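Novice: Handing you a structure now.
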Amino acid sequence: MSDKDDAEIMRGRLRSERINSLFSEDELIEDYYDQPAANDSSCWNDYGLSTLQSSGTVSCSSSMHSGSTEGLDASAQLLPIIKAGWLDKNPPQGSYIYQRRWVKLDADYLRYFDSEKDTYSKRFIPVTSIVRVASIGDQKFEVITNSRTFAFRAESDADRNEWMRTLQQMVDERKFKGLNRISLLQPPTGALDSVDKCGLLELRGFKNKLYVVVAGEKVFLYKNAEDYRQGIGITYIEMNVGNVKDVDRRGFDLTTPYRIFSFSADSDQEKDEWVEAMQQSIAEALSNSEVAEKIWSVEANRFCADCGSPKPDWASVNLCVVICKRCAGEHRGLGPSITKVRSLKMDRKVWTEELIELFCQVGNSVANQFWAANVPPSEAIHVASGSQERRRFLIAKYKEGKYRRYHPLFGNQEELNKALCATVTTSDLAETQSLVFCGAEVSCFSGDPDFPNPIALAEQAGQKLQMEFLLHNKNSEIPRVEAGSSEEKHYSVILPSVTHNGFLYKTPSMAKLVHERKSREEFSRRWCTLNDSIFSYYENDRNAVPNGEIKMEEIVCLVNNPPDTHGFESTFEVYIESERLYLFGLDNPEAIWKWVKSIAKSFIHPRADELLSHDFERIGRLQYKGGLNLERAKEGWFALSQSVLYAFFEDSDKEETVHLKKLQELSIQGDSLVLVERRRTLYIQGERKLDFLGWVAAIQKAAGSSGDTLSEQQLTESDIPVIVDRCIDYITQCGLTSEGIYRKSGQNSKITSLLEMLRKDARRVRLKEGEHHVDDVSNTLKRFFRDLGDGLFTKEFCQDWLKAAAVENEEEKIGQYRQLLSSLPVVNRATVKALINHLYRVQYFSEMNQMNTHNLAIVFGPTLFQTDGKDYKAGRVVEDLISRYVVIFSVDEQEMRKQQDEIQAIIKMRIAGSSSGTQQAGDFICTVYLEEKKTEAEQHIKIPATMTAEELTFEILDRRKIETKEKEYWSCFEVNEREEAERPLHYSEKVLPILHGLGTDSYLVVKKQLSMENMLIYLASRVSDSKHGMMKFREERNLLGLGLSTGFHDRYFILNNSCLRLYKEVRSVKQRMPAMETSHRPEKEWPVKNLKVYLGIKKKLRPPSCWGFTVFYENEKHEKQQWYLCCDTQMELREWFASFLYVQNGGNVWPSESSKVRASRTQQDSRLGNISLIPLRGNENEMRNSVAAFAADPLTLLRNV
Ligand SMILES: [Zn+2]
């Protein structure tokens, strides 16, 4: 006690008295303290006790809007008060002494207090637990709950009737219409749904321990556990004003501006747990109200813009109005094209500084001056208005614009647009609002190509708030009164009404994903009903008052768990907007599926109801980005069924499918899950954490291999397992000439670990020469086939294949093989073909690798048929398939030729590779950039040996759905960073050899060749095939110092169709010009075919102009030389470069048929419909910049020749 002075002791004593006088709900205690000295009370109530104040009903507006206590009252009350007044309450002990109580009713609770100034009640009764209200004469009435009856006496019959009417109305509304609660975090009935900590605690001033519950942002006090179960408590403490302090070993204080609660736990460990739980609760309350507090700092934003309820914590971000939860529910019904509803407390991400500022400047006051300029009192809604009334009002207000103040230019589209373009450059947000919602087009053309629309104009003028407002209203629907049809139209988007009921087992709701198995004991049996878009659960089927409810429109995701995930055979999970998860179960899969379908049907947007036709595991809505507009996240509806993700994107009524096993890439970047397909990239965003994490895990699982049969593997575009594809590619690249390939055994441990890696996520495995031995890879492939569940030829048909091998008539045999092939599942068929094609190539090199068809058959027969080598017919089948490959698989001539080309290319590369000693990458996947080298412009692309630069360019453009316009010359460039030079590849150049020759400081990029048009014009207009003229020349100084030159010197050059010659004596050359080419002896001469010409010269060499190029020359002995040539003007450089292209490619500089090739390629994939998605990577800002780069003048971005 040393550190506690007398004052502290005094405080403690007084505090305990105060608490007694306010909280002692034990009626005996209450009686005991029934007549406290007036002084005692007033000394604690700084604002004085008002026992003398006359009683009466206080309307919402007078209790909340006026009076000196408003600030305090409001901060402790998040709920609008529906009715308040003085009543006498009788003690239940049979005593006749009535006690005067200040009684308040809000949407969740009926509470009574010692005085109207008190923050903490003596008693709270959840409205949901009230069964009915009954009159008992003498101005008295009873409030009847399941467990108890509370009697009150009013001052007059009129007052009594008013109370009864209000209460009864609320009870009825809850029962039949299903009222929204302020938050599901605080279900007001029965045991709380989301309890963080509960148990008995001593509270100073109370005889007995209280049952204390920490739940979400509140701490509830109950007399005992039984009261808690019944939901009837003493008071609750809003933790946004709380502060927790350690006092001693077992004691701690919860301090609020109104009261100090001194608790004492049973042990110090218990105390620590309580302190932590309460601190968490405070943190939650504070972080959640930060945005709200800022927005509420403006007086008008403290009341719902539509019904006047205080402390509205929802908003429509495009209309700039702050609204209450009940109005928010109705806003949602209008659809996002009219109003975009977000929570001030939960949707934290949307609240940027700009948006908050916009709400402070516009907000309810400015918005209502426009939207509610002419509201007839008979149509206005108020705090207690019912759902239908609200809906009708909100349709009239925002959808039809019935009460709005019309802009003088209304109806004159052109003038409206003009006015908008002018206004957005000023700070007049009210005018912008008026213009936009009277029909001015947010995306109209301003007439200025540099700032083509109002958003660009606002940006240019630095009007960030104008921009913010316009961005949120880019796709807003303009109010329109449609005679008669509006109601109908509105109801067409209202969720279908599904009715379903039955018993389900339920766990308390959770704020985390359920990773652990929940035992049966953790579930409680509940009677559940789905009715009028509300799912309610009751203690039993005789109860009229639900323990809790879930509104269909709050559901964001529904998961049908695999059987036996928890203690019940079947379970499903419901995720709601406010990040809670509900788990239900039953031992009846059919009944569960019926529930899942019913719930799904009632929350999925009707336009996406096709999703319901799938046997989905998970269904719901998510934010996504895709297409060219990555600025704005859109809402899509998704369903996951096995390995297919079905989606309904915004503004599209067509179902899209994403085959997850065929993804090229699946990664998490920041808040997004990135799915890269061949022709699109989809960013799924984590708007809410809980359901997003669930989706991520489910999609990742679905995208991996799910079993050991072929079709359960990750697949390529052509339905071949990625495992098989990777191994075949690698062997083709590095093992075709390896002796004894597929026969030699590898290292068992390496094979095992490689196969394991590939099985886990084949997509991410990159096989590399040097790292992976060909024999390890070949044996990995064999083992994969040997262990394959169901085998390559399937158990069903396996014997038929072996029988066919014994058929003597060759033609008949082949006929049978073909027949059997066609009966295989798609993936098996594609894999057989790919494998046999591969083996066909392997035997092609049998002179080097010693593996002829027969040898391969001996190895592969038993592997593919899983026969352990006992059945010789297995080898026969494989032998037949390889040797009759062309016939059995109907390989046409073109395919065959391609095959030959590829083999030739491989051989060439092997030879070149081994002679120059360069290390080759094991597979053909490389990174190509679009426009410029940035991670978000990266494309990972598989390069077959036959791929040309043109094909690569188209592939990249296709992926991003970039249309090539006339006179746009998209090319693939090889960029050498060290030399600061780049070379456009000729369209017919094969990419793979170039790739293998690329140094670490080089890369490929696809971009427009800006000078191509001028070059083509030049080439068409010139008279001679040769080109000559002066250029500045510098040679790379070689190590022996023999190269001499240290600077650039004038030289005369002649380029003809065989050589590039360099002359020192300019004059002599000039004099003899016509005959010079053969007679004069050049200083240097290089055959043009061996030259590689790059645009640019590294700055370190100080080129005399920026119009230079670097020429690499390699002779037969692989000796390398480097020249730097520099022109005086851009035109000269262009002419020289064009001449090089012309000479090196036999005059064929640009394909004449290129657009046709492209057109036929883009048609191949029509499943994308009208949605275009671009594969970009990186964060949102970078993506935006990259997209902007398309629209901006390319000259500023790209090097011009
Ligand atoms: Zn409202």
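Letters A, B, ... mark the chains of the structure tokens in the order given; residue numbers begin at 1 per chain; ligand numbers begin at 1, in order shown.
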Residues of range 587-765 of chain A classed as strand (DSSP E) by DSSP on the backbone are to be reported as an MDAnalysis selection string.
Specialist: chainID A and resid 618:625 634:641 644:648 656:659 665:669 672:676 681:685
Novice: Grab the residues selected above and save them as an mmCIF file, in the first residue's frame with C-alpha atoms.
Specialist:
```cif
data_model
loop_
_atom_site.group_PDB
_atom_site.id
_atom_site.type_symbol
_atom_site.label_atom_id
_atom_site.label_comp_id
_atom_site.auth_asym_id
_atom_site.auth_seq_id
_atom_site.Cartn_x
_atom_site.Cartn_y
_atom_site.Cartn_z
ATOM 1 C CA ARG A 618 -16.907 -22.904 -52.868
ATOM 2 C CA ILE A 619 -18.987 -20.072 -54.213
ATOM 3 C CA GLY A 620 -19.070 -16.344 -53.591
ATOM 4 C CA ARG A 621 -18.130 -12.887 -54.653
ATOM 5 C CA LEU A 622 -14.662 -11.413 -54.908
ATOM 6 C CA GLN A 623 -13.017 -8.278 -56.173
ATOM 7 C CA TYR A 624 -10.867 -8.759 -59.218
ATOM 8 C CA LYS A 625 -8.900 -6.804 -61.743
ATOM 9 C CA LYS A 634 -14.599 -4.994 -60.081
ATOM 10 C CA GLU A 635 -16.919 -7.406 -58.408
ATOM 11 C CA GLY A 636 -17.172 -10.875 -59.817
ATOM 12 C CA TRP A 637 -18.994 -14.033 -58.805
ATOM 13 C CA PHE A 638 -16.929 -17.174 -58.613
ATOM 14 C CA ALA A 639 -17.482 -20.865 -58.069
ATOM 15 C CA LEU A 640 -14.801 -23.480 -57.636
ATOM 16 C CA SER A 641 -15.546 -26.989 -58.724
ATOM 17 C CA VAL A 644 -12.188 -25.331 -62.659
ATOM 18 C CA LEU A 645 -12.879 -21.813 -61.495
ATOM 19 C CA TYR A 646 -16.127 -20.527 -62.989
ATOM 20 C CA ALA A 647 -16.623 -16.804 -63.045
ATOM 21 C CA PHE A 648 -19.136 -14.139 -63.886
ATOM 22 C CA GLU A 656 -16.030 -17.802 -68.018
ATOM 23 C CA THR A 657 -13.905 -20.735 -67.030
ATOM 24 C CA VAL A 658 -10.367 -20.840 -65.744
ATOM 25 C CA HIS A 659 -8.743 -24.268 -65.800
ATOM 26 C CA GLU A 665 1.573 -19.215 -63.223
ATOM 27 C CA LEU A 666 -0.119 -18.845 -59.881
ATOM 28 C CA SER A 667 1.335 -16.468 -57.367
ATOM 29 C CA ILE A 668 0.484 -14.056 -54.594
ATOM 30 C CA GLN A 669 1.510 -10.474 -55.152
ATOM 31 C CA SER A 672 -3.750 -10.195 -54.956
ATOM 32 C CA LEU A 673 -3.755 -13.737 -56.148
ATOM 33 C CA VAL A 674 -2.434 -13.689 -59.707
ATOM 34 C CA LEU A 675 -3.620 -16.297 -62.160
ATOM 35 C CA VAL A 676 -1.776 -16.301 -65.460
ATOM 36 C CA THR A 681 -4.100 -12.635 -66.340
ATOM 37 C CA LEU A 682 -6.568 -12.323 -63.557
ATOM 38 C CA TYR A 683 -5.924 -10.556 -60.280
ATOM 39 C CA ILE A 684 -8.185 -11.687 -57.494
ATOM 40 C CA GLN A 685 -8.045 -9.236 -54.656
#
```
Novice: Determine, for each residue of chain A having at least one atom at most 7 Å from an atom of ligand 1, the closest pair of atoms and their separation in Å to one decimal, counting only C-alpha atoms and all ligand atoms; order by chain and ascending number, as CSV.
Specialist:
```
residue,atom,partner,partner_atom_place_in_ligand_line,distance
A:Cys304,CA,ligand 1,1 (Zn),4.6
A:Ala305,CA,ligand 1,1 (Zn),6.5
A:Asp306,CA,ligand 1,1 (Zn),4.9
A:Cys307,CA,ligand 1,1 (Zn),4.0
A:Gly308,CA,ligand 1,1 (Zn),5.8
A:Ser309,CA,ligand 1,1 (Zn),5.4
A:Ile323,CA,ligand 1,1 (Zn),5.2
A:Cys324,CA,ligand 1,1 (Zn),4.2
A:Lys325,CA,ligand 1,1 (Zn),6.7
A:Arg326,CA,ligand 1,1 (Zn),5.8
A:Cys327,CA,ligand 1,1 (Zn),4.3
A:Val383,CA,ligand 1,1 (Zn),6.5
```
Novice: Near range 1090-1100 of chain A, within 6 Å and counting only C-alpha atoms, which residues show up once chain neighbours fewer than 5 positions away are dropped, as an NGL selection string?
Specialist: :A and (979-983 or 1108-1113)
Novice: Please provide the set of residues having any atom within 10 Å of Gly1147 in chain A, restricted to only C-alpha atoms, with same-chain residues fewer than 4 positions apart removed, written as a list in words.
Specialist: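 Those residues are Leu1019, Asp1025, Asn1057, Ala1138, Ser1139, Phe1140, Leu1141, Tyr1142 and Val1143 of chain A.
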Novice: Any chance you could export the current selection's N, CA, C and O atoms as a PDB file, in the first residue's frame?
Specialist:
```pdb
ATOM      1  N   LEU A1019      13.981   2.184 -98.513  1.00  0.00           N
ATOM      2  CA  LEU A1019      14.385   1.034 -99.328  1.00  0.00           C
ATOM      3  C   LEU A1019      13.639   1.000-100.658  1.00  0.00           C
ATOM      4  O   LEU A1019      14.185   0.633-101.687  1.00  0.00           O
ATOM      5  N   ASP A1025      21.308  -1.166-104.769  1.00  0.00           N
ATOM      6  CA  ASP A1025      21.275  -2.063-103.618  1.00  0.00           C
ATOM      7  C   ASP A1025      22.421  -1.797-102.650  1.00  0.00           C
ATOM      8  O   ASP A1025      22.398  -2.252-101.518  1.00  0.00           O
ATOM      9  N   ASN A1057      25.906  -6.292-101.396  1.00  0.00           N
ATOM     10  CA  ASN A1057      25.219  -7.484-100.894  1.00  0.00           C
ATOM     11  C   ASN A1057      26.140  -8.611-100.434  1.00  0.00           C
ATOM     12  O   ASN A1057      25.673  -9.674-100.054  1.00  0.00           O
ATOM     13  N   ALA A1138      18.821   0.321 -92.554  1.00  0.00           N
ATOM     14  CA  ALA A1138      17.910  -0.305 -93.510  1.00  0.00           C
ATOM     15  C   ALA A1138      18.697  -1.103 -94.535  1.00  0.00           C
ATOM     16  O   ALA A1138      18.313  -2.213 -94.920  1.00  0.00           O
ATOM     17  N   SER A1139      19.817  -0.545 -94.974  1.00  0.00           N
ATOM     18  CA  SER A1139      20.615  -1.244 -95.971  1.00  0.00           C
ATOM     19  C   SER A1139      21.169  -2.554 -95.420  1.00  0.00           C
ATOM     20  O   SER A1139      21.212  -3.568 -96.109  1.00  0.00           O
ATOM     21  N   PHE A1140      21.617  -2.508 -94.163  1.00  0.00           N
ATOM     22  CA  PHE A1140      22.084  -3.753 -93.538  1.00  0.00           C
ATOM     23  C   PHE A1140      20.973  -4.813 -93.535  1.00  0.00           C
ATOM     24  O   PHE A1140      21.182  -5.959 -93.896  1.00  0.00           O
ATOM     25  N   LEU A1141      19.780  -4.386 -93.081  1.00  0.00           N
ATOM     26  CA  LEU A1141      18.658  -5.334 -93.022  1.00  0.00           C
ATOM     27  C   LEU A1141      18.382  -5.919 -94.391  1.00  0.00           C
ATOM     28  O   LEU A1141      18.165  -7.115 -94.563  1.00  0.00           O
ATOM     29  N   TYR A1142      18.415  -5.039 -95.364  1.00  0.00           N
ATOM     30  CA  TYR A1142      18.096  -5.431 -96.738  1.00  0.00           C
ATOM     31  C   TYR A1142      19.096  -6.472 -97.239  1.00  0.00           C
ATOM     32  O   TYR A1142      18.739  -7.537 -97.718  1.00  0.00           O
ATOM     33  N   VAL A1143      20.373  -6.154 -97.031  1.00  0.00           N
ATOM     34  CA  VAL A1143      21.429  -7.035 -97.517  1.00  0.00           C
ATOM     35  C   VAL A1143      21.409  -8.367 -96.773  1.00  0.00           C
ATOM     36  O   VAL A1143      21.506  -9.441 -97.350  1.00  0.00           O
TER      37      VAL A1143
END
```
Novice: What is the CA of Gln369 in chain A-CA of Arg390 in chain A distance in Å, reported with one decimal?
Specialist: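 A separation of 19.3 Å between them.
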Novice: Write out, as JSON lines, each residue of range 261-325 of chain A that has an atom at most 12 Å from range 345-362 of chain A, together with the closest pair of atoms and their distance in Å to one decimal, counting only C-alpha atoms, rows going by chain and rising number.
Specialist:
```
{"residue": "A:Glu284", "atom": "CA", "partner": "A:Lys345", "partner_atom": "CA", "distance": 10.1}
{"residue": "A:Ala285", "atom": "CA", "partner": "A:Lys345", "partner_atom": "CA", "distance": 9.2}
{"residue": "A:Leu286", "atom": "CA", "partner": "A:Lys345", "partner_atom": "CA", "distance": 9.8}
{"residue": "A:Ser287", "atom": "CA", "partner": "A:Lys345", "partner_atom": "CA", "distance": 8.2}
{"residue": "A:Asn288", "atom": "CA", "partner": "A:Lys345", "partner_atom": "CA", "distance": 4.7}
{"residue": "A:Ser289", "atom": "CA", "partner": "A:Lys345", "partner_atom": "CA", "distance": 5.7}
{"residue": "A:Glu290", "atom": "CA", "partner": "A:Lys345", "partner_atom": "CA", "distance": 7.7}
{"residue": "A:Val291", "atom": "CA", "partner": "A:Lys345", "partner_atom": "CA", "distance": 6.8}
{"residue": "A:Ala292", "atom": "CA", "partner": "A:Lys345", "partner_atom": "CA", "distance": 6.6}
{"residue": "A:Glu293", "atom": "CA", "partner": "A:Lys345", "partner_atom": "CA", "distance": 9.8}
{"residue": "A:Lys294", "atom": "CA", "partner": "A:Ile356", "partner_atom": "CA", "distance": 7.4}
{"residue": "A:Ile295", "atom": "CA", "partner": "A:Cys360", "partner_atom": "CA", "distance": 5.9}
{"residue": "A:Trp296", "atom": "CA", "partner": "A:Cys360", "partner_atom": "CA", "distance": 8.2}
{"residue": "A:Ser297", "atom": "CA", "partner": "A:Cys360", "partner_atom": "CA", "distance": 7.8}
{"residue": "A:Val298", "atom": "CA", "partner": "A:Cys360", "partner_atom": "CA", "distance": 6.2}
{"residue": "A:Glu299", "atom": "CA", "partner": "A:Cys360", "partner_atom": "CA", "distance": 9.5}
{"residue": "A:Ala300", "atom": "CA", "partner": "A:Cys360", "partner_atom": "CA", "distance": 9.3}
{"residue": "A:Asn301", "atom": "CA", "partner": "A:Cys360", "partner_atom": "CA", "distance": 8.0}
{"residue": "A:Arg302", "atom": "CA", "partner": "A:Cys360", "partner_atom": "CA", "distance": 11.2}
{"residue": "A:Ala305", "atom": "CA", "partner": "A:Val362", "partner_atom": "CA", "distance": 11.9}
{"residue": "A:Lys311", "atom": "CA", "partner": "A:Lys345", "partner_atom": "CA", "distance": 11.7}
{"residue": "A:Pro312", "atom": "CA", "partner": "A:Lys345", "partner_atom": "CA", "distance": 10.4}
{"residue": "A:Asp313", "atom": "CA", "partner": "A:Lys345", "partner_atom": "CA", "distance": 6.7}
{"residue": "A:Trp314", "atom": "CA", "partner": "A:Lys345", "partner_atom": "CA", "distance": 7.8}
{"residue": "A:Ala315", "atom": "CA", "partner": "A:Phe359", "partner_atom": "CA", "distance": 9.3}
{"residue": "A:Ser316", "atom": "CA", "partner": "A:Phe359", "partner_atom": "CA", "distance": 10.0}
{"residue": "A:Val317", "atom": "CA", "partner": "A:Leu355", "partner_atom": "CA", "distance": 7.9}
{"residue": "A:Asn318", "atom": "CA", "partner": "A:Leu355", "partner_atom": "CA", "distance": 9.7}
{"residue": "A:Leu319", "atom": "CA", "partner": "A:Val362", "partner_atom": "CA", "distance": 9.4}
{"residue": "A:Cys320", "atom": "CA", "partner": "A:Phe359", "partner_atom": "CA", "distance": 5.8}
{"residue": "A:Val321", "atom": "CA", "partner": "A:Phe359", "partner_atom": "CA", "distance": 7.4}
{"residue": "A:Val322", "atom": "CA", "partner": "A:Phe359", "partner_atom": "CA", "distance": 8.1}
{"residue": "A:Ile323", "atom": "CA", "partner": "A:Phe359", "partner_atom": "CA", "distance": 11.9}
{"residue": "A:Lys325", "atom": "CA", "partner": "A:Lys345", "partner_atom": "CA", "distance": 11.5}
```
Novice: In range 657-804 of chain A, what's helix (DSSP H, G or I) per DSSP? Answer as a PyMOL selection string?
Specialist: chain A and resi 660-662+689-703+710-712+722-734+748-764+774-786+795-804
Novice: For Leu611 in chain A, which residue out of A:Lys654, A:Glu717, A:Leu781, A:Glu989 is the nearest one, using only C-alpha atoms?
Specialist: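 Comparing A:Lys654, A:Glu717, A:Leu781, A:Glu989 against Leu611 in chain A, the winner is A:Lys654.
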Novice: Which residues are close to Cys1059 in chain A, i.e. within 8 Å by only C-alpha atoms, leaving aside same-chain residues fewer than 3 positions away? Reply as a PyMOL selection string.
Specialist: chain A and resi 1054-1056+1085-1088
Novice: Keeping only N, CA and C atoms, write the selected residues to a file as a PDB file, in the first residue's frame.
Specialist:
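Output file result_15.pdb follows:
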```pdb
ATOM      1  N   ILE A1054      31.573   1.182 -97.661  1.00  0.00           N
ATOM      2  CA  ILE A1054      30.727   0.693 -98.749  1.00  0.00           C
ATOM      3  C   ILE A1054      30.091  -0.616 -98.307  1.00  0.00           C
ATOM      4  N   LEU A1055      28.775  -0.659 -98.448  1.00  0.00           N
ATOM      5  CA  LEU A1055      28.054  -1.891 -98.101  1.00  0.00           C
ATOM      6  C   LEU A1055      27.376  -2.401 -99.360  1.00  0.00           C
ATOM      7  N   ASN A1056      27.746  -3.569 -99.820  1.00  0.00           N
ATOM      8  CA  ASN A1056      26.997  -4.173-100.926  1.00  0.00           C
ATOM      9  C   ASN A1056      26.438  -5.506-100.455  1.00  0.00           C
ATOM     10  N   GLU A1085      37.650  -5.423 -94.455  1.00  0.00           N
ATOM     11  CA  GLU A1085      36.528  -5.952 -95.222  1.00  0.00           C
ATOM     12  C   GLU A1085      35.922  -7.125 -94.459  1.00  0.00           C
ATOM     13  N   TRP A1086      34.581  -7.065 -94.290  1.00  0.00           N
ATOM     14  CA  TRP A1086      33.897  -8.148 -93.575  1.00  0.00           C
ATOM     15  C   TRP A1086      32.739  -8.691 -94.411  1.00  0.00           C
ATOM     16  N   PRO A1087      32.611 -10.020 -94.417  1.00  0.00           N
ATOM     17  CA  PRO A1087      31.445 -10.574 -95.117  1.00  0.00           C
ATOM     18  C   PRO A1087      30.174 -10.202 -94.339  1.00  0.00           C
ATOM     19  N   VAL A1088      29.202  -9.714 -95.026  1.00  0.00           N
ATOM     20  CA  VAL A1088      28.036  -9.139 -94.359  1.00  0.00           C
ATOM     21  C   VAL A1088      27.193 -10.179 -93.617  1.00  0.00           C
TER      22      VAL A1088
END
```
Novice: Between A:Asp1001, A:Glu812, A:Asp901, A:Asp800, single out the one closest to Leu824 in chain A, counting only C-alpha atoms.
Specialist: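 Among the listed residues, A:Asp800 lies closest to Leu824 in chain A.
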Novice: Which one is closest to Ala511 in chain A: A:Val556, A:Leu110, A:Leu690, A:Ala422? Count only C-alpha atoms.
Specialist: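 Closest residue, counting only C-alpha atoms: A:Leu690.
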